[in-house]
file final-v7.pdb (PDB, C-alpha atoms, pLDDT in the B column)
ATOM      1  CA  MET A1044       0.000   0.000   0.000  1.00 63.00           C
ATOM      2  CA  ASN A1045       1.114   3.484  -0.782  1.00 77.00           C
ATOM      3  CA  GLN A1046       1.615   6.151   1.847  1.00 85.00           C
ATOM      4  CA  PRO A1047      -0.974   8.927   1.875  1.00 89.00           C
ATOM      5  CA  LEU A1048      -0.105  11.970  -0.156  1.00 90.00           C
ATOM      6  CA  PRO A1049       0.818  14.981   1.998  1.00 89.00           C
ATOM      7  CA  ILE A1050      -1.816  17.706   2.200  1.00 94.00           C
ATOM      8  CA  ASP A1051       0.251  20.032   0.000  1.00 92.00           C
ATOM      9  CA  GLN A1052      -0.220  17.507  -2.830  1.00 92.00           C
ATOM     10  CA  ARG A1053      -3.964  17.275  -2.136  1.00 91.00           C
ATOM     11  CA  LYS A1054      -4.695  20.971  -2.477  1.00 85.00           C
ATOM     12  CA  PHE A1055      -8.486  20.698  -2.740  1.00 94.00           C
ATOM     13  CA  ASP A1056      -8.498  18.828   0.589  1.00 97.00           C
ATOM     14  CA  TRP A1057      -7.673  22.186   2.197  1.00 97.00           C
ATOM     15  CA  PHE A1058     -11.215  23.209   1.200  1.00 97.00           C
ATOM     16  CA  TYR A1059     -12.639  20.323   3.249  1.00 98.00           C
ATOM     17  CA  VAL A1060     -10.406  21.102   6.234  1.00 98.00           C
ATOM     18  CA  VAL A1061     -11.515  24.757   6.259  1.00 98.00           C
ATOM     19  CA  VAL A1062     -15.196  24.003   5.624  1.00 98.00           C
ATOM     20  CA  LEU A1063     -15.324  21.343   8.343  1.00 98.00           C
ATOM     21  CA  CYS A1064     -13.760  23.779  10.827  1.00 98.00           C
ATOM     22  CA  ILE A1065     -16.310  26.453   9.874  1.00 97.00           C
ATOM     23  CA  PHE A1066     -19.149  23.910  10.102  1.00 96.00           C
ATOM     24  CA  SER A1067     -17.864  22.992  13.561  1.00 97.00           C
ATOM     25  CA  LEU A1068     -18.003  26.613  14.717  1.00 96.00           C
ATOM     26  CA  PHE A1069     -21.556  26.940  13.384  1.00 93.00           C
ATOM     27  CA  SER A1070     -22.424  23.655  15.111  1.00 94.00           C
ATOM     28  CA  PHE A1071     -21.073  24.717  18.484  1.00 94.00           C
ATOM     29  CA  PHE A1072     -22.315  28.290  18.459  1.00 91.00           C
ATOM     30  CA  GLY A1073     -25.266  28.353  16.054  1.00 90.00           C
ATOM     31  CA  ASP A1074     -26.902  24.926  16.318  1.00 92.00           C
ATOM     32  CA  SER A1075     -26.579  24.815  20.081  1.00 91.00           C
ATOM     33  CA  THR A1076     -29.103  27.683  20.252  1.00 90.00           C
ATOM     34  CA  PRO A1077     -32.110  25.802  18.808  1.00 89.00           C
ATOM     35  CA  ALA A1078     -30.865  22.630  20.523  1.00 90.00           C
ATOM     36  CA  THR A1079     -31.174  24.295  23.918  1.00 89.00           C
ATOM     37  CA  GLY A1080     -34.588  25.871  23.501  1.00 86.00           C
ATOM     38  CA  GLY A1081     -34.323  28.334  20.643  1.00 87.00           C
ATOM     39  CA  PRO A1082     -33.395  31.961  20.071  1.00 92.00           C
ATOM     40  CA  ASP A1083     -34.331  34.407  22.821  1.00 93.00           C
ATOM     41  CA  PRO A1084     -33.973  38.200  22.681  1.00 94.00           C
ATOM     42  CA  HIS A1085     -33.710  38.345  26.490  1.00 95.00           C
ATOM     43  CA  SER A1086     -31.202  35.535  27.011  1.00 93.00           C
ATOM     44  CA  GLY A1087     -27.977  36.064  28.882  1.00 92.00           C
ATOM     45  CA  TRP A1088     -26.214  34.081  26.154  1.00 90.00           C
ATOM     46  CA  ILE A1089     -25.213  36.330  23.257  1.00 92.00           C
ATOM     47  CA  MET A1090     -25.736  33.630  20.580  1.00 92.00           C
ATOM     48  CA  LYS A1091     -29.395  33.233  21.517  1.00 93.00           C
ATOM     49  CA  ARG A1092     -29.854  37.001  21.149  1.00 95.00           C
ATOM     50  CA  LEU A1093     -27.872  37.242  17.897  1.00 94.00           C
ATOM     51  CA  ILE A1094     -29.681  34.357  16.235  1.00 93.00           C
ATOM     52  CA  HIS A1095     -33.012  35.826  17.326  1.00 93.00           C
ATOM     53  CA  ASP A1096     -32.277  39.399  16.252  1.00 93.00           C
ATOM     54  CA  ILE A1097     -30.055  38.929  13.196  1.00 92.00           C
ATOM     55  CA  TYR A1098     -30.726  35.498  11.695  1.00 88.00           C
ATOM     56  CA  ALA A1099     -34.232  34.271  12.517  1.00 89.00           C
ATOM     57  CA  THR A1100     -36.682  37.126  13.140  1.00 89.00           C
ATOM     58  CA  GLY A1101     -38.569  37.923   9.942  1.00 87.00           C
ATOM     59  CA  LYS A1102     -36.464  35.459   7.963  1.00 87.00           C
ATOM     60  CA  ASP A1103     -36.502  31.918   9.368  1.00 86.00           C
ATOM     61  CA  PRO A1104     -39.478  30.992  11.573  1.00 85.00           C
ATOM     62  CA  LEU A1105     -38.345  27.359  11.633  1.00 83.00           C
ATOM     63  CA  VAL A1106     -35.321  28.369  13.714  1.00 87.00           C
ATOM     64  CA  LEU A1107     -37.152  31.165  15.529  1.00 86.00           C
ATOM     65  CA  TYR A1108     -39.803  28.806  16.950  1.00 85.00           C
ATOM     66  CA  SER A1109     -37.532  25.715  17.058  1.00 83.00           C
ATOM     67  CA  PRO A1110     -40.082  22.885  16.934  1.00 81.00           C
ATOM     68  CA  VAL A1111     -39.014  19.537  18.372  1.00 83.00           C
ATOM     69  CA  PHE A1112     -37.537  18.103  15.166  1.00 80.00           C
ATOM     70  CA  VAL A1113     -35.357  21.212  14.788  1.00 84.00           C
ATOM     71  CA  ARG A1114     -34.177  20.953  18.392  1.00 89.00           C
ATOM     72  CA  VAL A1115     -33.284  17.267  17.912  1.00 89.00           C
ATOM     73  CA  ALA A1116     -31.476  17.904  14.607  1.00 89.00           C
ATOM     74  CA  CYS A1117     -29.590  20.846  16.111  1.00 91.00           C
ATOM     75  CA  PHE A1118     -28.670  18.798  19.187  1.00 94.00           C
ATOM     76  CA  PHE A1119     -26.967  16.261  16.909  1.00 92.00           C
ATOM     77  CA  ALA A1120     -25.331  19.052  14.907  1.00 93.00           C
ATOM     78  CA  ALA A1121     -24.025  20.834  18.000  1.00 94.00           C
ATOM     79  CA  PHE A1122     -22.920  17.977  20.214  1.00 95.00           C
ATOM     80  CA  ILE A1123     -22.134  15.103  17.828  1.00 96.00           C
ATOM     81  CA  PHE A1124     -21.347  16.608  14.419  1.00 97.00           C
ATOM     82  CA  GLY A1125     -19.426  19.564  15.875  1.00 96.00           C
ATOM     83  CA  PRO A1126     -16.728  17.472  17.570  1.00 97.00           C
ATOM     84  CA  PHE A1127     -16.669  14.987  14.674  1.00 98.00           C
ATOM     85  CA  GLN A1128     -16.045  17.793  12.185  1.00 98.00           C
ATOM     86  CA  LEU A1129     -12.891  18.810  14.057  1.00 98.00           C
ATOM     87  CA  VAL A1130     -11.642  15.216  14.160  1.00 98.00           C
ATOM     88  CA  ALA A1131     -12.450  14.806  10.454  1.00 98.00           C
ATOM     89  CA  ALA A1132     -10.614  18.025   9.555  1.00 98.00           C
ATOM     90  CA  TRP A1133      -7.532  16.755  11.427  1.00 98.00           C
ATOM     91  CA  ALA A1134      -7.784  13.323   9.744  1.00 98.00           C
ATOM     92  CA  ILE A1135      -7.978  14.911   6.288  1.00 98.00           C
ATOM     93  CA  LEU A1136      -5.049  17.156   7.121  1.00 97.00           C
ATOM     94  CA  LYS A1137      -2.963  14.146   8.168  1.00 96.00           C
ATOM     95  CA  GLY A1138      -4.261  11.797   5.444  1.00 96.00           C
ATOM     96  CA  LYS A1139      -5.744   9.228   7.833  1.00 96.00           C
ATOM     97  CA  HIS A1140      -7.616   6.615   5.784  1.00 95.00           C
ATOM     98  CA  TRP A1141      -9.695   5.429   8.755  1.00 97.00           C
ATOM     99  CA  ILE A1142     -11.838   8.588   8.390  1.00 98.00           C
ATOM    100  CA  ARG A1143     -13.391   7.281   5.142  1.00 97.00           C
ATOM    101  CA  THR A1144     -16.252   5.213   6.620  1.00 98.00           C
ATOM    102  CA  PRO A1145     -17.146   7.671   9.411  1.00 98.00           C
ATOM    103  CA  MET A1146     -17.012  10.475   6.815  1.00 98.00           C
ATOM    104  CA  LEU A1147     -19.431   8.660   4.500  1.00 98.00           C
ATOM    105  CA  VAL A1148     -21.817   8.040   7.412  1.00 98.00           C
ATOM    106  CA  TYR A1149     -21.512  11.677   8.549  1.00 97.00           C
ATOM    107  CA  ALA A1150     -22.010  13.068   5.037  1.00 97.00           C
ATOM    108  CA  GLY A1151     -25.078  10.882   4.497  1.00 97.00           C
ATOM    109  CA  ALA A1152     -26.573  11.876   7.853  1.00 95.00           C
ATOM    110  CA  LEU A1153     -25.813  15.566   7.295  1.00 95.00           C
ATOM    111  CA  PHE A1154     -27.374  15.470   3.827  1.00 94.00           C
ATOM    112  CA  GLU A1155     -30.496  13.670   5.075  1.00 92.00           C
ATOM    113  CA  GLY A1156     -31.000  15.967   8.063  1.00 88.00           C
ATOM    114  CA  SER A1157     -30.363  19.069   5.989  1.00 88.00           C
ATOM    115  CA  PHE A1158     -32.721  17.864   3.268  1.00 87.00           C
ATOM    116  CA  ILE A1159     -35.546  17.433   5.802  1.00 83.00           C
ATOM    117  CA  PHE A1160     -34.796  20.877   7.224  1.00 79.00           C
ATOM    118  CA  GLU A1161     -34.729  22.381   3.716  1.00 82.00           C
ATOM    119  CA  TRP A1162     -38.018  20.706   2.808  1.00 80.00           C
ATOM    120  CA  ALA A1163     -39.682  22.389   5.782  1.00 78.00           C
ATOM    121  CA  GLU A1164     -37.999  25.702   4.913  1.00 78.00           C
ATOM    122  CA  TRP A1165     -39.249  25.644   1.307  1.00 80.00           C
ATOM    123  CA  PHE A1166     -42.678  24.093   1.685  1.00 75.00           C
ATOM    124  CA  GLY A1167     -43.585  24.970   5.260  1.00 72.00           C
ATOM    125  CA  ASP A1168     -46.158  23.284   7.445  1.00 72.00           C
ATOM    126  CA  LYS A1169     -49.277  25.275   6.519  1.00 69.00           C
ATOM    127  CA  ALA A1170     -51.245  22.149   5.479  1.00 71.00           C
ATOM    128  CA  PHE A1171     -50.244  20.415   8.715  1.00 66.00           C
ATOM    129  CA  PHE A1172     -51.337  23.350  10.872  1.00 65.00           C
ATOM    130  CA  GLU A1173     -54.646  23.611   9.015  1.00 67.00           C
ATOM    131  CA  ARG A1174     -55.328  19.922   9.789  1.00 68.00           C
ATOM    132  CA  VAL A1175     -54.314  20.266  13.447  1.00 61.00           C
ATOM    133  CA  CYS A1176     -55.554  23.783  14.235  1.00 64.00           C
ATOM    134  CA  GLY A1177     -58.484  23.942  11.854  1.00 66.00           C
ATOM    135  CA  PRO A1178     -59.204  25.725   8.576  1.00 71.00           C
ATOM    136  CA  GLY A1179     -57.918  29.259   8.384  1.00 69.00           C
ATOM    137  CA  SER A1180     -54.778  28.627  10.437  1.00 63.00           C
ATOM    138  CA  THR A1181     -52.081  30.873   9.043  1.00 65.00           C
ATOM    139  CA  PHE A1182     -49.118  29.594  11.036  1.00 65.00           C
ATOM    140  CA  ASP A1183     -46.321  28.253   8.867  1.00 70.00           C
ATOM    141  CA  PHE A1184     -42.604  27.518   9.224  1.00 74.00           C
ATOM    142  CA  ALA A1185     -41.732  28.366   5.604  1.00 77.00           C
ATOM    143  CA  GLN A1186     -38.759  30.679   5.165  1.00 78.00           C
ATOM    144  CA  GLN A1187     -39.588  34.343   4.778  1.00 81.00           C
ATOM    145  CA  ASN A1188     -36.306  35.379   3.163  1.00 82.00           C
ATOM    146  CA  ALA A1189     -35.072  32.579   0.875  1.00 81.00           C
ATOM    147  CA  LEU A1190     -31.807  34.256  -0.161  1.00 87.00           C
ATOM    148  CA  TRP A1191     -30.816  34.880   3.464  1.00 86.00           C
ATOM    149  CA  VAL A1192     -31.811  31.432   4.722  1.00 84.00           C
ATOM    150  CA  GLN A1193     -30.300  29.563   1.776  1.00 87.00           C
ATOM    151  CA  SER A1194     -26.996  31.393   2.077  1.00 86.00           C
ATOM    152  CA  PHE A1195     -26.607  29.644   5.440  1.00 88.00           C
ATOM    153  CA  ASN A1196     -28.276  26.306   4.660  1.00 87.00           C
ATOM    154  CA  LEU A1197     -27.384  25.355   1.085  1.00 91.00           C
ATOM    155  CA  PRO A1198     -23.759  24.445   1.943  1.00 94.00           C
ATOM    156  CA  TYR A1199     -25.176  21.708   4.213  1.00 94.00           C
ATOM    157  CA  ILE A1200     -26.715  20.087   1.111  1.00 94.00           C
ATOM    158  CA  VAL A1201     -23.832  20.638  -1.335  1.00 96.00           C
ATOM    159  CA  VAL A1202     -20.805  19.873   0.860  1.00 97.00           C
ATOM    160  CA  PRO A1203     -22.052  16.444   2.050  1.00 97.00           C
ATOM    161  CA  LEU A1204     -22.521  15.397  -1.585  1.00 97.00           C
ATOM    162  CA  MET A1205     -18.985  16.601  -2.340  1.00 98.00           C
ATOM    163  CA  LEU A1206     -17.669  14.661   0.675  1.00 98.00           C
ATOM    164  CA  ILE A1207     -19.382  11.469  -0.503  1.00 97.00           C
ATOM    165  CA  VAL A1208     -17.716  11.801  -3.915  1.00 97.00           C
ATOM    166  CA  ARG A1209     -14.344  12.646  -2.329  1.00 97.00           C
ATOM    167  CA  PHE A1210     -14.397   9.756   0.169  1.00 97.00           C
ATOM    168  CA  TRP A1211     -15.977   7.102  -2.041  1.00 96.00           C
ATOM    169  CA  PRO A1212     -12.577   5.613  -3.079  1.00 94.00           C
ATOM    170  CA  GLU A1213     -11.375   2.975  -0.646  1.00 92.00           C
ATOM    171  CA  ARG A1214      -8.057   4.739   0.063  1.00 93.00           C
ATOM    172  CA  PRO A1215      -8.888   8.415  -0.507  1.00 94.00           C
ATOM    173  CA  PHE A1216      -5.464   9.843   0.308  1.00 94.00           C
ATOM    174  CA  GLU A1217      -3.318   7.611  -1.886  1.00 91.00           C
ATOM    175  CA  PRO A1218      -2.086   8.705  -5.310  1.00 84.00           C
ATOM    176  CA  LYS A1219      -4.402   7.844  -8.173  1.00 77.00           C
ATOM    177  CA  LYS A1220      -3.223   4.794 -10.092  1.00 70.00           C
ATOM    178  CA  ALA A1221      -2.045   5.502 -13.615  1.00 45.00           C
ATOM    179  CA  LEU A1222      -4.285   4.152 -16.344  1.00 43.00           C
ATOM    180  CA  ALA A1223      -2.824   1.253 -18.331  1.00 48.00           C
ATOM    181  CA  ASN A1224      -2.282   1.916 -22.035  1.00 48.00           C
TER
END
call {"tool": "encode", "arguments": {"input": "final-v7.pdb", "output": "structure tokens"}}
result
Amino acid sequence: MNQPLPIDQRKFDWFYVVVLCIFSLFSFFGDSTPATGGPDPHSGWIMKRLIHDIYATGKDPLVLYSPVFVRVACFFAAFIFGPFQLVAAWAILKGKHWIRTPMLVYAGALFEGSFIFEWAEWFGDKAFFERVCGPGSTFDFAQQNALWVQSFNLPYIVVPLMLIVRFWPERPFEPKKALAN
């Protein structure tokens, strides 16, 4: 077996290292807010106030009201994915092949959870609330500012797909074998 290529010979892997570190910061600081009860303009924790005032109010009612499925998804993002993303960034940096299977599982889980979140953002829950609360209910979790919300959420759909492609080969950090003539 070949030794893994050093990171300076896997230049695009720097993208994954940086993105995973950024995702980790968003997991720890952003996702922990809905995971622990949701944004609050009167909270003593600055992230709860910032997410309420800057990100969610008038833009993203799904995060603003943090229904149970959002709290559960954000709990996983904050307290499971966050630490994993730092370990994965280190493993990519060092060319550790053992990260392949956990990375594929992580990328699949992140894509699936983000897809469910995105579905609710785009299509809302108006029909659900009309069934539960009666005709005429106007409550809905659909995004109110698609450009704003998608600028934060779309990377969580695209990057997992990129990670699946990147880590599909059995030994992702070894040199590519030359094609036989």
call {"tool": "resolve_selection", "arguments": {"input": "final-v7.pdb", "expression": "the PyMOL selection byres ((chain A and resi 1146) around 10)", "output": "mmCIF file with C-alpha atoms, keeping the file's coordinate frame"}}
result
data_model
loop_
_atom_site.group_PDB
_atom_site.id
_atom_site.type_symbol
_atom_site.label_atom_id
_atom_site.label_comp_id
_atom_site.auth_asym_id
_atom_site.auth_seq_id
_atom_site.Cartn_x
_atom_site.Cartn_y
_atom_site.Cartn_z
ATOM 1 C CA PHE A 1127 -16.669 14.987 14.674
ATOM 2 C CA GLN A 1128 -16.045 17.793 12.185
ATOM 3 C CA ALA A 1131 -12.450 14.806 10.454
ATOM 4 C CA TRP A 1141 -9.695 5.429 8.755
ATOM 5 C CA ILE A 1142 -11.838 8.588 8.390
ATOM 6 C CA ARG A 1143 -13.391 7.281 5.142
ATOM 7 C CA THR A 1144 -16.252 5.213 6.620
ATOM 8 C CA PRO A 1145 -17.146 7.671 9.411
ATOM 9 C CA LEU A 1147 -19.431 8.660 4.500
ATOM 10 C CA VAL A 1148 -21.817 8.040 7.412
ATOM 11 C CA TYR A 1149 -21.512 11.677 8.549
ATOM 12 C CA ALA A 1150 -22.010 13.068 5.037
ATOM 13 C CA GLY A 1151 -25.078 10.882 4.497
ATOM 14 C CA ALA A 1152 -26.573 11.876 7.853
ATOM 15 C CA PRO A 1203 -22.052 16.444 2.050
ATOM 16 C CA LEU A 1206 -17.669 14.661 0.675
ATOM 17 C CA ILE A 1207 -19.382 11.469 -0.503
ATOM 18 C CA ARG A 1209 -14.344 12.646 -2.329
ATOM 19 C CA PHE A 1210 -14.397 9.756 0.169
ATOM 20 C CA TRP A 1211 -15.977 7.102 -2.041
#
call {"tool": "resolve_selection", "arguments": {"input": "final-v7.pdb", "expression": "the PyMOL selection byres ((chain A and resi 1155-1160) around 8)", "output": "list in words"}}
result
Val1113, Ala1116, Gly1151, Ala1152, Leu1153, Phe1154, Glu1161, Trp1162, Ala1163, Glu1164, Asn1196, Tyr1199 and Ile1200 of chain A
call {"tool": "write_last_selection", "arguments": {"input": "final-v7.pdb", "atoms": "C-alpha atoms", "output": "mmCIF file, keeping the file's coordinate frame"}}
result
data_model
loop_
_atom_site.group_PDB
_atom_site.id
_atom_site.type_symbol
_atom_site.label_atom_id
_atom_site.label_comp_id
_atom_site.auth_asym_id
_atom_site.auth_seq_id
_atom_site.Cartn_x
_atom_site.Cartn_y
_atom_site.Cartn_z
ATOM 1 C CA VAL A 1113 -35.357 21.212 14.788
ATOM 2 C CA ALA A 1116 -31.476 17.904 14.607
ATOM 3 C CA GLY A 1151 -25.078 10.882 4.497
ATOM 4 C CA ALA A 1152 -26.573 11.876 7.853
ATOM 5 C CA LEU A 1153 -25.813 15.566 7.295
ATOM 6 C CA PHE A 1154 -27.374 15.470 3.827
ATOM 7 C CA GLU A 1161 -34.729 22.381 3.716
ATOM 8 C CA TRP A 1162 -38.018 20.706 2.808
ATOM 9 C CA ALA A 1163 -39.682 22.389 5.782
ATOM 10 C CA GLU A 1164 -37.999 25.702 4.913
ATOM 11 C CA ASN A 1196 -28.276 26.306 4.660
ATOM 12 C CA TYR A 1199 -25.176 21.708 4.213
ATOM 13 C CA ILE A 1200 -26.715 20.087 1.111
#
call {"tool": "atom_distance", "arguments": {"input": "final-v7.pdb", "atom1": "atom CA of A:Ile1135", "atom2": "atom CA of A:Cys1117"}}
result
24.5 Å
call {"tool": "atom_distance", "arguments": {"input": "final-v7.pdb", "atom1": "atom CA of A:Leu1197", "atom2": "atom CA of A:Trp1088"}}
result
26.6 Å
call {"tool": "resolve_selection", "arguments": {"input": "final-v7.pdb", "expression": "the PyMOL selection byres ((chain A and resi 1060-1071) around 9)", "output": "PyMOL selection string"}}
result
chain A and resi 1056-1059+1072-1076+1117-1129+1131-1136+1199+1202
call {"tool": "write_last_selection", "arguments": {"input": "final-v7.pdb", "atoms": "C-alpha atoms", "output": "CSV table (one decimal), in the coordinates of the input"}}
result
chain,number,residue,atom,x,y,z
A,1056,ASP,CA,-8.5,18.8,0.6
A,1057,TRP,CA,-7.7,22.2,2.2
A,1058,PHE,CA,-11.2,23.2,1.2
A,1059,TYR,CA,-12.6,20.3,3.2
A,1072,PHE,CA,-22.3,28.3,18.5
A,1073,GLY,CA,-25.3,28.4,16.1
A,1074,ASP,CA,-26.9,24.9,16.3
A,1075,SER,CA,-26.6,24.8,20.1
A,1076,THR,CA,-29.1,27.7,20.3
A,1117,CYS,CA,-29.6,20.8,16.1
A,1118,PHE,CA,-28.7,18.8,19.2
A,1119,PHE,CA,-27.0,16.3,16.9
A,1120,ALA,CA,-25.3,19.1,14.9
A,1121,ALA,CA,-24.0,20.8,18.0
A,1122,PHE,CA,-22.9,18.0,20.2
A,1123,ILE,CA,-22.1,15.1,17.8
A,1124,PHE,CA,-21.3,16.6,14.4
A,1125,GLY,CA,-19.4,19.6,15.9
A,1126,PRO,CA,-16.7,17.5,17.6
A,1127,PHE,CA,-16.7,15.0,14.7
A,1128,GLN,CA,-16.0,17.8,12.2
A,1129,LEU,CA,-12.9,18.8,14.1
A,1131,ALA,CA,-12.4,14.8,10.5
A,1132,ALA,CA,-10.6,18.0,9.6
A,1133,TRP,CA,-7.5,16.8,11.4
A,1134,ALA,CA,-7.8,13.3,9.7
A,1135,ILE,CA,-8.0,14.9,6.3
A,1136,LEU,CA,-5.0,17.2,7.1
A,1199,TYR,CA,-25.2,21.7,4.2
A,1202,VAL,CA,-20.8,19.9,0.9
call {"tool": "atom_distance", "arguments": {"input": "final-v7.pdb", "atom1": "atom CA of A:Gly1080", "atom2": "atom CA of A:Gln1186"}}
result
19.4 Å
call {"tool": "closest_residue", "arguments": {"input": "final-v7.pdb", "among": "A:Lys1139, A:Lys1219, A:Arg1114, A:Lys1102", "to": "A:Gly1081", "atoms": "only C-alpha atoms"}}
result
A:Arg1114
call {"tool": "closest_residue", "arguments": {"input": "final-v7.pdb", "among": "A:Ala1170, A:Gly1101, A:Leu1107, A:Ile1050", "to": "A:Asp1083", "atoms": "only C-alpha atoms"}}
result
A:Leu1107
call {"tool": "residues_near_point", "arguments": {"input": "final-v7.pdb", "point": "(-34.3, 39.8, 13.9)", "cutoff": "12 Å", "atoms": "all atoms listed in the file", "output": "PyMOL selection string"}}
result
chain A and resi 1082-1084+1091-1104+1106-1107+1187-1188
call {"tool": "axis_aligned_box", "arguments": {"input": "final-v7.pdb", "around": "stretch 1119-1124 of chain A", "padding_each_side": "3 Å", "output": "AutoDock Vina command-line options"}}
result
--center_x -24.2 --center_y 18.0 --center_z 17.3 --size_x 11.6 --size_y 11.7 --size_z 11.8
call {"tool": "closest_residue", "arguments": {"input": "final-v7.pdb", "among": "A:Glu1213, A:Trp1191, A:Ala1185, A:Leu1204", "to": "A:Leu1105", "atoms": "all atoms listed in the file"}}
result
A:Ala1185
